[in-house]
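Everything on this sheet refers to the single structure shown next.
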Amino acid sequence: MGRHLAWFAMAVFSGQFLTSALEFLPVADSGVFTVCGVIAILCSIYVVKSKA
């Protein structure tokens, strides 16, 4: 259980850091949401492929 908790904590911290970094992108608010969506899709594909 501790290993999964560590992964969860790292994922939460990484997400908060990434959203803070995206604030500095010179795009409109909708562009930031698009970038976040693309990153989420890429992460999903990576997780699915690593489990297979």
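Chain identifiers are assigned as A, B, and so on, following the order in which chains appear in the structure tokens; residues are numbered from 1 within each chain, and ligands are numbered from 1 in order of appearance.
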For segment 36-45 of chain A, find every residue with an atom within 10 Å (counting only C-alpha atoms), except residues of its own chain fewer than 3 positions away, and show them as an mmCIF file with C-alpha atoms, in the first residue's frame.
data_model
loop_
_atom_site.group_PDB
_atom_site.id
_atom_site.type_symbol
_atom_site.label_atom_id
_atom_site.label_comp_id
_atom_site.auth_asym_id
_atom_site.auth_seq_id
_atom_site.Cartn_x
_atom_site.Cartn_y
_atom_site.Cartn_z
ATOM 1 C CA GLY A 15 -0.045 17.742 -11.620
ATOM 2 C CA LEU A 18 2.431 21.254 -14.302
ATOM 3 C CA THR A 19 -0.659 23.416 -13.950
ATOM 4 C CA LEU A 22 1.109 26.158 -17.782
ATOM 5 C CA SER A 30 -8.970 27.737 -23.795
ATOM 6 C CA GLY A 31 -5.484 27.010 -25.141
ATOM 7 C CA VAL A 32 -4.294 26.055 -21.664
ATOM 8 C CA PHE A 33 -7.195 23.609 -21.341
ATOM 9 C CA VAL A 48 -2.206 1.700 -21.068
ATOM 10 C CA LYS A 49 0.843 0.690 -23.099
ATOM 11 C CA SER A 50 3.013 0.165 -20.009
#
DSSP says helix (DSSP H, G or I) for which residues of chain A? Put them as a ChimeraX atom specification? /A:2-22,29-51
Based on the selection just made, write C-alpha atoms of those residues as a compact mmCIF listing (two decimals), in the first residue's frame.
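Written output follows (again11.txt):
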# COMPACT_ATOMS: atom_id res chain seq x y z
CA GLY A 2 2.82 2.40 0.76
CA ARG A 3 4.20 2.15 -2.75
CA HIS A 4 0.85 3.09 -4.27
CA LEU A 5 0.50 6.00 -1.87
CA ALA A 6 3.92 7.26 -2.91
CA TRP A 7 2.94 7.07 -6.59
CA PHE A 8 -0.29 8.93 -5.86
CA ALA A 9 1.51 11.67 -3.94
CA MET A 10 4.04 12.06 -6.74
CA ALA A 11 1.27 12.26 -9.34
CA VAL A 12 -0.62 14.92 -7.37
CA PHE A 13 2.51 17.02 -6.90
CA SER A 14 3.44 16.68 -10.56
CA GLY A 15 -0.04 17.74 -11.62
CA GLN A 16 0.04 20.81 -9.41
CA PHE A 17 3.49 21.74 -10.68
CA LEU A 18 2.43 21.25 -14.30
CA THR A 19 -0.66 23.42 -13.95
CA SER A 20 1.41 26.15 -12.34
CA ALA A 21 3.91 26.00 -15.19
CA LEU A 22 1.11 26.16 -17.78
CA ASP A 29 -7.42 30.18 -21.33
CA SER A 30 -8.97 27.74 -23.79
CA GLY A 31 -5.48 27.01 -25.14
CA VAL A 32 -4.29 26.05 -21.66
CA PHE A 33 -7.19 23.61 -21.34
CA THR A 34 -6.30 22.15 -24.73
CA VAL A 35 -2.68 21.67 -23.68
CA CYS A 36 -3.80 20.00 -20.44
CA GLY A 37 -6.13 17.71 -22.39
CA VAL A 38 -3.39 16.67 -24.80
CA ILE A 39 -1.02 15.95 -21.92
CA ALA A 40 -3.73 13.89 -20.18
CA ILE A 41 -4.34 11.85 -23.34
CA LEU A 42 -0.62 11.21 -23.79
CA CYS A 43 -0.31 10.10 -20.15
CA SER A 44 -3.30 7.78 -20.58
CA ILE A 45 -1.77 6.18 -23.66
CA TYR A 46 1.52 5.71 -21.83
CA VAL A 47 -0.18 4.04 -18.86
CA VAL A 48 -2.21 1.70 -21.07
CA LYS A 49 0.84 0.69 -23.10
CA SER A 50 3.01 0.17 -20.01
CA LYS A 51 0.42 -2.17 -18.47
